Amino acid sequence: MRARLAGARPSDRTGQPGQPGQPVGWSTVSSLRESFERASLPALTWLSGLPRVVPFLFVLALVVAGLLVPGWGWVLIAVAVLLLAWIALLAWPRLSVAERLMRVAVVVMLAAIAITQAVPRG
């Protein structure tokens, strides 16, 4: 999978990045990212079939339930953190810097809440 940048034509795709014949502005997606995207495709296809509000409400329900359930509620928040981190990682290349910072802030904040609930001060 390749991403097109800087107005390069698709017919210009030859060689490896940094090698002669590779147009400036083209970058290749790592095989690790490709395999991650390929593995995520069935879940994303299923999610895209749901109404847009359902995934939001599901994550919200996980977080609220995690805050209200004493003891092991942090596990529900940790699941929400993993889901949000997964979605952020998939969207990362297409996000602006501000969008990336917002997503990182939400994931870090929820992770901090989960950790403070998992390891309470005694």
# chains A, B, ... in the order shown; residues from 1 in each chain; ligands from 1
$ residues_around --residues "region 69-82 of chain A" --least-positions-apart "3" --cutoff "6 Å" --atoms "only C-alpha atoms" --output "PyMOL selection string"
chain A and resi 59+62-63+65-66+85+107+114+117-118
$ select_by_dssp --residues "region 27-104 of chain A" --states "helix (DSSP H, G or I)" --output "PyMOL selection string"
chain A and resi 31-48+53-68+73-94+97-104
$ write_last_selection --atoms "C-alpha atoms" --output "compact mmCIF listing (two decimals), in the first residue's frame"
# COMPACT_ATOMS: atom_id res chain seq x y z
CA SER A 31 4.66 -4.10 6.33
CA LEU A 32 3.86 -4.00 10.06
CA ARG A 33 1.32 -1.22 9.49
CA GLU A 34 -0.11 -3.03 6.47
CA SER A 35 -0.59 -6.22 8.48
CA PHE A 36 -2.16 -4.22 11.34
CA GLU A 37 -4.60 -2.56 8.93
CA ARG A 38 -5.36 -5.88 7.24
CA ALA A 39 -6.03 -7.56 10.60
CA SER A 40 -8.28 -4.66 11.64
CA LEU A 41 -10.33 -4.70 8.44
CA PRO A 42 -13.04 -7.18 9.55
CA ALA A 43 -13.67 -5.29 12.79
CA LEU A 44 -13.69 -1.94 10.99
CA THR A 45 -16.10 -3.29 8.38
CA TRP A 46 -18.42 -4.45 11.14
CA LEU A 47 -18.12 -1.11 12.97
CA SER A 48 -18.83 0.87 9.81
CA VAL A 53 -23.45 6.96 17.56
CA VAL A 54 -23.22 3.31 18.68
CA PRO A 55 -19.40 3.05 19.06
CA PHE A 56 -19.36 6.40 20.90
CA LEU A 57 -22.10 5.26 23.28
CA PHE A 58 -20.31 1.94 23.82
CA VAL A 59 -17.04 3.64 24.84
CA LEU A 60 -18.96 6.13 26.98
CA ALA A 61 -20.81 3.27 28.70
CA LEU A 62 -17.50 1.48 29.37
CA VAL A 63 -15.99 4.58 30.95
CA VAL A 64 -19.06 5.46 33.05
CA ALA A 65 -19.46 1.86 34.22
CA GLY A 66 -15.75 1.72 34.99
CA LEU A 67 -16.04 4.82 37.14
CA LEU A 68 -19.10 3.52 39.00
CA GLY A 73 -14.14 -1.11 37.27
CA TRP A 74 -10.69 -0.08 36.06
CA VAL A 75 -10.77 -3.09 33.71
CA LEU A 76 -13.69 -1.53 31.80
CA ILE A 77 -11.77 1.74 31.48
CA ALA A 78 -8.71 -0.18 30.30
CA VAL A 79 -10.83 -1.80 27.57
CA ALA A 80 -12.00 1.67 26.51
CA VAL A 81 -8.37 2.84 26.45
CA LEU A 82 -7.40 -0.08 24.20
CA LEU A 83 -10.31 0.58 21.82
CA LEU A 84 -9.53 4.29 21.57
CA ALA A 85 -5.80 3.64 21.10
CA TRP A 86 -6.59 1.12 18.35
CA ILE A 87 -8.81 3.59 16.48
CA ALA A 88 -6.25 6.39 16.94
CA LEU A 89 -3.46 4.19 15.61
CA LEU A 90 -5.47 3.33 12.51
CA ALA A 91 -6.32 6.97 11.84
CA TRP A 92 -2.87 8.34 12.76
CA PRO A 93 -1.47 8.96 9.24
CA ARG A 94 -4.52 10.97 8.22
CA VAL A 97 -1.07 17.50 14.65
CA ALA A 98 -3.90 18.98 16.74
CA GLU A 99 -6.07 15.90 16.19
CA ARG A 100 -3.19 13.63 17.17
CA LEU A 101 -2.59 15.61 20.36
CA MET A 102 -6.28 15.46 21.30
CA ARG A 103 -6.44 11.71 20.81
CA VAL A 104 -3.25 11.15 22.78
$ decode --residues "region 50-65 of chain A" --atoms "all heavy atoms" --output "PDB file, in the first residue's frame"
ATOM      1  N   LEU A  50     -22.506  -0.135  11.690  1.00  0.00           N
ATOM      2  CA  LEU A  50     -23.327   0.349  12.807  1.00  0.00           C
ATOM      3  C   LEU A  50     -23.634   1.838  12.639  1.00  0.00           C
ATOM      4  O   LEU A  50     -22.881   2.553  11.981  1.00  0.00           O
ATOM      5  CB  LEU A  50     -22.568   0.154  14.123  1.00  0.00           C
ATOM      6  CG  LEU A  50     -22.215  -1.275  14.528  1.00  0.00           C
ATOM      7  CD1 LEU A  50     -21.325  -1.257  15.756  1.00  0.00           C
ATOM      8  CD2 LEU A  50     -23.470  -2.078  14.781  1.00  0.00           C
ATOM      9  N   PRO A  51     -24.715   2.312  13.259  1.00  0.00           N
ATOM     10  CA  PRO A  51     -24.941   3.760  13.281  1.00  0.00           C
ATOM     11  C   PRO A  51     -23.759   4.442  13.975  1.00  0.00           C
ATOM     12  O   PRO A  51     -23.172   3.884  14.909  1.00  0.00           O
ATOM     13  CB  PRO A  51     -26.221   3.912  14.100  1.00  0.00           C
ATOM     14  CG  PRO A  51     -26.902   2.595  13.994  1.00  0.00           C
ATOM     15  CD  PRO A  51     -25.822   1.572  13.864  1.00  0.00           C
ATOM     16  N   ARG A  52     -23.414   5.649  13.539  1.00  0.00           N
ATOM     17  CA  ARG A  52     -22.215   6.338  14.032  1.00  0.00           C
ATOM     18  C   ARG A  52     -22.218   6.558  15.533  1.00  0.00           C
ATOM     19  O   ARG A  52     -21.160   6.617  16.165  1.00  0.00           O
ATOM     20  CB  ARG A  52     -22.066   7.677  13.327  1.00  0.00           C
ATOM     21  CG  ARG A  52     -21.683   7.517  11.879  1.00  0.00           C
ATOM     22  CD  ARG A  52     -21.380   8.821  11.273  1.00  0.00           C
ATOM     23  NE  ARG A  52     -20.076   9.256  11.784  1.00  0.00           N
ATOM     24  CZ  ARG A  52     -19.361  10.210  11.246  1.00  0.00           C
ATOM     25  NH1 ARG A  52     -19.825  10.839  10.207  1.00  0.00           N
ATOM     26  NH2 ARG A  52     -18.208  10.546  11.747  1.00  0.00           N
ATOM     27  N   VAL A  53     -23.374   6.663  16.135  1.00  0.00           N
ATOM     28  CA  VAL A  53     -23.453   6.965  17.562  1.00  0.00           C
ATOM     29  C   VAL A  53     -23.184   5.727  18.427  1.00  0.00           C
ATOM     30  O   VAL A  53     -22.792   5.853  19.590  1.00  0.00           O
ATOM     31  CB  VAL A  53     -24.824   7.605  17.900  1.00  0.00           C
ATOM     32  CG1 VAL A  53     -25.933   6.580  17.830  1.00  0.00           C
ATOM     33  CG2 VAL A  53     -24.782   8.296  19.231  1.00  0.00           C
ATOM     34  N   VAL A  54     -23.340   4.536  17.888  1.00  0.00           N
ATOM     35  CA  VAL A  54     -23.215   3.311  18.683  1.00  0.00           C
ATOM     36  C   VAL A  54     -21.807   3.120  19.250  1.00  0.00           C
ATOM     37  O   VAL A  54     -21.663   2.877  20.458  1.00  0.00           O
ATOM     38  CB  VAL A  54     -23.690   2.078  17.874  1.00  0.00           C
ATOM     39  CG1 VAL A  54     -23.367   0.779  18.596  1.00  0.00           C
ATOM     40  CG2 VAL A  54     -25.177   2.181  17.608  1.00  0.00           C
ATOM     41  N   PRO A  55     -20.729   3.212  18.455  1.00  0.00           N
ATOM     42  CA  PRO A  55     -19.397   3.054  19.062  1.00  0.00           C
ATOM     43  C   PRO A  55     -19.110   4.111  20.136  1.00  0.00           C
ATOM     44  O   PRO A  55     -18.513   3.807  21.173  1.00  0.00           O
ATOM     45  CB  PRO A  55     -18.432   3.200  17.884  1.00  0.00           C
ATOM     46  CG  PRO A  55     -19.242   2.845  16.691  1.00  0.00           C
ATOM     47  CD  PRO A  55     -20.637   3.300  16.999  1.00  0.00           C
ATOM     48  N   PHE A  56     -19.540   5.346  19.902  1.00  0.00           N
ATOM     49  CA  PHE A  56     -19.361   6.401  20.900  1.00  0.00           C
ATOM     50  C   PHE A  56     -20.078   6.044  22.197  1.00  0.00           C
ATOM     51  O   PHE A  56     -19.510   6.153  23.287  1.00  0.00           O
ATOM     52  CB  PHE A  56     -19.876   7.739  20.358  1.00  0.00           C
ATOM     53  CG  PHE A  56     -19.974   8.797  21.412  1.00  0.00           C
ATOM     54  CD1 PHE A  56     -18.837   9.435  21.876  1.00  0.00           C
ATOM     55  CD2 PHE A  56     -21.202   9.143  21.958  1.00  0.00           C
ATOM     56  CE1 PHE A  56     -18.919  10.411  22.873  1.00  0.00           C
ATOM     57  CE2 PHE A  56     -21.296  10.110  22.950  1.00  0.00           C
ATOM     58  CZ  PHE A  56     -20.153  10.746  23.403  1.00  0.00           C
ATOM     59  N   LEU A  57     -21.332   5.615  22.087  1.00  0.00           N
ATOM     60  CA  LEU A  57     -22.098   5.264  23.280  1.00  0.00           C
ATOM     61  C   LEU A  57     -21.496   4.059  23.991  1.00  0.00           C
ATOM     62  O   LEU A  57     -21.530   3.975  25.223  1.00  0.00           O
ATOM     63  CB  LEU A  57     -23.564   5.013  22.922  1.00  0.00           C
ATOM     64  CG  LEU A  57     -24.366   6.238  22.503  1.00  0.00           C
ATOM     65  CD1 LEU A  57     -25.781   5.850  22.085  1.00  0.00           C
ATOM     66  CD2 LEU A  57     -24.389   7.274  23.612  1.00  0.00           C
ATOM     67  N   PHE A  58     -20.941   3.117  23.233  1.00  0.00           N
ATOM     68  CA  PHE A  58     -20.312   1.936  23.821  1.00  0.00           C
ATOM     69  C   PHE A  58     -19.090   2.338  24.656  1.00  0.00           C
ATOM     70  O   PHE A  58     -18.935   1.900  25.804  1.00  0.00           O
ATOM     71  CB  PHE A  58     -19.919   0.939  22.731  1.00  0.00           C
ATOM     72  CG  PHE A  58     -19.244  -0.287  23.263  1.00  0.00           C
ATOM     73  CD1 PHE A  58     -19.948  -1.225  24.004  1.00  0.00           C
ATOM     74  CD2 PHE A  58     -17.894  -0.512  23.038  1.00  0.00           C
ATOM     75  CE1 PHE A  58     -19.322  -2.356  24.518  1.00  0.00           C
ATOM     76  CE2 PHE A  58     -17.261  -1.630  23.533  1.00  0.00           C
ATOM     77  CZ  PHE A  58     -17.979  -2.562  24.270  1.00  0.00           C
ATOM     78  N   VAL A  59     -18.233   3.186  24.098  1.00  0.00           N
ATOM     79  CA  VAL A  59     -17.044   3.643  24.838  1.00  0.00           C
ATOM     80  C   VAL A  59     -17.472   4.476  26.040  1.00  0.00           C
ATOM     81  O   VAL A  59     -16.915   4.325  27.143  1.00  0.00           O
ATOM     82  CB  VAL A  59     -16.089   4.428  23.910  1.00  0.00           C
ATOM     83  CG1 VAL A  59     -14.987   5.100  24.702  1.00  0.00           C
ATOM     84  CG2 VAL A  59     -15.501   3.507  22.853  1.00  0.00           C
ATOM     85  N   LEU A  60     -18.455   5.331  25.869  1.00  0.00           N
ATOM     86  CA  LEU A  60     -18.961   6.131  26.980  1.00  0.00           C
ATOM     87  C   LEU A  60     -19.508   5.234  28.089  1.00  0.00           C
ATOM     88  O   LEU A  60     -19.237   5.468  29.278  1.00  0.00           O
ATOM     89  CB  LEU A  60     -20.040   7.104  26.490  1.00  0.00           C
ATOM     90  CG  LEU A  60     -20.633   8.030  27.542  1.00  0.00           C
ATOM     91  CD1 LEU A  60     -19.561   8.988  28.071  1.00  0.00           C
ATOM     92  CD2 LEU A  60     -21.808   8.802  26.957  1.00  0.00           C
ATOM     93  N   ALA A  61     -20.259   4.204  27.715  1.00  0.00           N
ATOM     94  CA  ALA A  61     -20.808   3.269  28.703  1.00  0.00           C
ATOM     95  C   ALA A  61     -19.693   2.533  29.441  1.00  0.00           C
ATOM     96  O   ALA A  61     -19.774   2.321  30.662  1.00  0.00           O
ATOM     97  CB  ALA A  61     -21.748   2.274  28.023  1.00  0.00           C
ATOM     98  N   LEU A  62     -18.641   2.141  28.719  1.00  0.00           N
ATOM     99  CA  LEU A  62     -17.505   1.477  29.369  1.00  0.00           C
ATOM    100  C   LEU A  62     -16.857   2.394  30.407  1.00  0.00           C
ATOM    101  O   LEU A  62     -16.554   1.963  31.528  1.00  0.00           O
ATOM    102  CB  LEU A  62     -16.462   1.063  28.335  1.00  0.00           C
ATOM    103  CG  LEU A  62     -16.727  -0.188  27.521  1.00  0.00           C
ATOM    104  CD1 LEU A  62     -15.658  -0.360  26.447  1.00  0.00           C
ATOM    105  CD2 LEU A  62     -16.774  -1.419  28.414  1.00  0.00           C
ATOM    106  N   VAL A  63     -16.647   3.645  30.042  1.00  0.00           N
ATOM    107  CA  VAL A  63     -15.987   4.582  30.951  1.00  0.00           C
ATOM    108  C   VAL A  63     -16.875   4.877  32.161  1.00  0.00           C
ATOM    109  O   VAL A  63     -16.408   4.836  33.308  1.00  0.00           O
ATOM    110  CB  VAL A  63     -15.596   5.885  30.215  1.00  0.00           C
ATOM    111  CG1 VAL A  63     -15.084   6.929  31.186  1.00  0.00           C
ATOM    112  CG2 VAL A  63     -14.553   5.581  29.154  1.00  0.00           C
ATOM    113  N   VAL A  64     -18.151   5.158  31.939  1.00  0.00           N
ATOM    114  CA  VAL A  64     -19.058   5.461  33.054  1.00  0.00           C
ATOM    115  C   VAL A  64     -19.194   4.250  33.972  1.00  0.00           C
ATOM    116  O   VAL A  64     -19.108   4.371  35.204  1.00  0.00           O
ATOM    117  CB  VAL A  64     -20.435   5.931  32.534  1.00  0.00           C
ATOM    118  CG1 VAL A  64     -21.463   5.994  33.653  1.00  0.00           C
ATOM    119  CG2 VAL A  64     -20.294   7.277  31.852  1.00  0.00           C
ATOM    120  N   ALA A  65     -19.364   3.072  33.398  1.00  0.00           N
ATOM    121  CA  ALA A  65     -19.462   1.863  34.217  1.00  0.00           C
ATOM    122  C   ALA A  65     -18.161   1.631  34.972  1.00  0.00           C
ATOM    123  O   ALA A  65     -18.175   1.236  36.141  1.00  0.00           O
ATOM    124  CB  ALA A  65     -19.797   0.655  33.342  1.00  0.00           C
TER     125      ALA A  65
END
